[in-house]
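Next comes upload_36.pdb, a file with PDB, C-alpha atoms, pLDDT in the B column.
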```pdb
ATOM      1  CA  MET A 914      31.890 114.310 -52.122  1.00 51.00           C
ATOM      2  CA  PRO A 915      31.694 111.244 -54.421  1.00 59.00           C
ATOM      3  CA  LEU A 916      28.307 109.824 -55.354  1.00 63.00           C
ATOM      4  CA  THR A 917      29.075 106.483 -53.698  1.00 68.00           C
ATOM      5  CA  ASP A 918      29.401 108.200 -50.331  1.00 80.00           C
ATOM      6  CA  GLU A 919      25.956 109.777 -50.724  1.00 81.00           C
ATOM      7  CA  TRP A 920      24.304 106.392 -51.336  1.00 87.00           C
ATOM      8  CA  SER A 921      26.329 104.294 -48.885  1.00 91.00           C
ATOM      9  CA  GLY A 922      24.190 105.401 -45.935  1.00 91.00           C
ATOM     10  CA  LEU A 923      20.993 104.292 -47.665  1.00 92.00           C
ATOM     11  CA  ALA A 924      22.576 101.012 -48.729  1.00 93.00           C
ATOM     12  CA  THR A 925      23.699 100.329 -45.154  1.00 93.00           C
ATOM     13  CA  LEU A 926      20.232 101.122 -43.803  1.00 95.00           C
ATOM     14  CA  LEU A 927      18.544  98.807 -46.296  1.00 94.00           C
ATOM     15  CA  ALA A 928      21.020  96.005 -45.596  1.00 93.00           C
ATOM     16  CA  ASN A 929      20.423  96.326 -41.861  1.00 94.00           C
ATOM     17  CA  LEU A 930      16.629  96.306 -42.275  1.00 92.00           C
ATOM     18  CA  ILE A 931      16.727  93.265 -44.529  1.00 89.00           C
ATOM     19  CA  GLU A 932      18.995  91.431 -42.107  1.00 89.00           C
ATOM     20  CA  LYS A 933      16.778  92.346 -39.154  1.00 89.00           C
ATOM     21  CA  TYR A 934      13.453  91.308 -40.716  1.00 88.00           C
ATOM     22  CA  ALA A 935      14.501  88.491 -43.070  1.00 84.00           C
ATOM     23  CA  SER A 936      13.702  85.766 -40.541  1.00 81.00           C
ATOM     24  CA  GLU A 937      10.283  87.280 -39.751  1.00 85.00           C
ATOM     25  CA  LEU A 938       9.399  87.566 -43.440  1.00 80.00           C
ATOM     26  CA  GLY A 939      10.478  84.004 -44.163  1.00 84.00           C
ATOM     27  CA  ILE A 940      12.501  85.011 -47.214  1.00 77.00           C
ATOM     28  CA  ASP A 941      14.524  81.793 -47.081  1.00 78.00           C
ATOM     29  CA  ASP A 942      11.309  79.732 -47.218  1.00 83.00           C
ATOM     30  CA  MET A 943       9.923  81.463 -50.323  1.00 81.00           C
ATOM     31  CA  PRO A 944       9.875  79.464 -53.570  1.00 83.00           C
ATOM     32  CA  ALA A 945      12.063  80.601 -56.426  1.00 80.00           C
ATOM     33  CA  PRO A 946      10.157  82.718 -58.961  1.00 76.00           C
ATOM     34  CA  SER A 947       9.362  81.108 -62.284  1.00 81.00           C
ATOM     35  CA  VAL A 948      10.369  82.384 -65.719  1.00 76.00           C
ATOM     36  CA  GLU A 949       6.792  83.567 -66.262  1.00 79.00           C
ATOM     37  CA  GLN A 950       6.968  85.761 -63.158  1.00 73.00           C
ATOM     38  CA  THR A 951      10.345  87.336 -63.804  1.00 72.00           C
ATOM     39  CA  GLY A 952      10.850  87.154 -67.561  1.00 73.00           C
ATOM     40  CA  ILE A 953      14.477  86.229 -66.889  1.00 72.00           C
ATOM     41  CA  GLY A 954      15.537  83.481 -69.242  1.00 66.00           C
ATOM     42  CA  ALA A 955      12.342  83.798 -71.261  1.00 61.00           C
ATOM     43  CA  GLU A 956      14.208  84.228 -74.548  1.00 64.00           C
ATOM     44  CA  LYS A 957      16.257  81.075 -73.971  1.00 59.00           C
ATOM     45  CA  ASN A 958      13.126  79.182 -72.939  1.00 53.00           C
ATOM     46  CA  ASN A 959      11.261  80.357 -76.067  1.00 56.00           C
ATOM     47  CA  GLN A 960      14.126  79.259 -78.309  1.00 57.00           C
ATOM     48  CA  SER A 961      14.200  75.760 -76.784  1.00 59.00           C
ATOM     49  CA  GLN A 962      10.411  75.454 -77.162  1.00 56.00           C
ATOM     50  CA  ARG A 963      10.637  76.523 -80.807  1.00 57.00           C
ATOM     51  CA  SER A 964      13.353  73.972 -81.561  1.00 61.00           C
ATOM     52  CA  THR A 965      11.347  71.248 -79.805  1.00 59.00           C
ATOM     53  CA  LEU A 966       8.249  72.152 -81.816  1.00 52.00           C
ATOM     54  CA  ALA A 967      10.265  72.218 -85.044  1.00 59.00           C
ATOM     55  CA  ASN A 968      11.761  68.794 -84.319  1.00 60.00           C
ATOM     56  CA  THR A 969       8.312  67.400 -83.511  1.00 59.00           C
ATOM     57  CA  ALA A 970       6.812  68.837 -86.700  1.00 57.00           C
ATOM     58  CA  VAL A 971       9.549  67.244 -88.839  1.00 53.00           C
ATOM     59  CA  MET A 972       8.869  63.744 -87.493  1.00 51.00           C
TER      60      MET A 972
END
```
Produce structure tokens that represent the structure in this file.
Amino acid sequence: MPLTDEWSGLATLLANLIEKYASELGIDDMPAPSVEQTGIGAEKNNQSQRSTLANTAVM
């Protein structure tokens, strides 16, 4: 039995639970997480801040 078949039941259960309770949880109304909360894009954000600081220091 392939591994994907073993996990497909759990994936289906989770998808059904999320679909059932998404409206009650108000997931669509939640604000998007910031870079500080997730860390996603933090490296790009740090690089742009460094270049801005460097340009400011030169002036």
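In this model, the gap between atom CA of A:Gly952 and atom CA of A:Lys933 comes to 29.5 Å.
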In Å, with one decimal, what is the gap from atom CA of A:Glu919 to atom CA of A:Tyr934?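 It comes out at 24.4 Å.
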Return the padded bounding box of stretch 922-935 of chain A as lines of an AutoDock Vina configuration file: axis-aligned, built from all atoms listed in the file, 5 Å added on each side, with centre and edge lengths in Å to one decimal.
```
center_x = 18.8
center_y = 96.9
center_z = -43.9
size_x = 20.7
size_y = 26.9
size_z = 19.6
```
Atomic separation - atom CA of A:Trp920 relative to atom CA of A:Ile953, Å: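 That distance, rounded to one decimal, is 27.3 Å.
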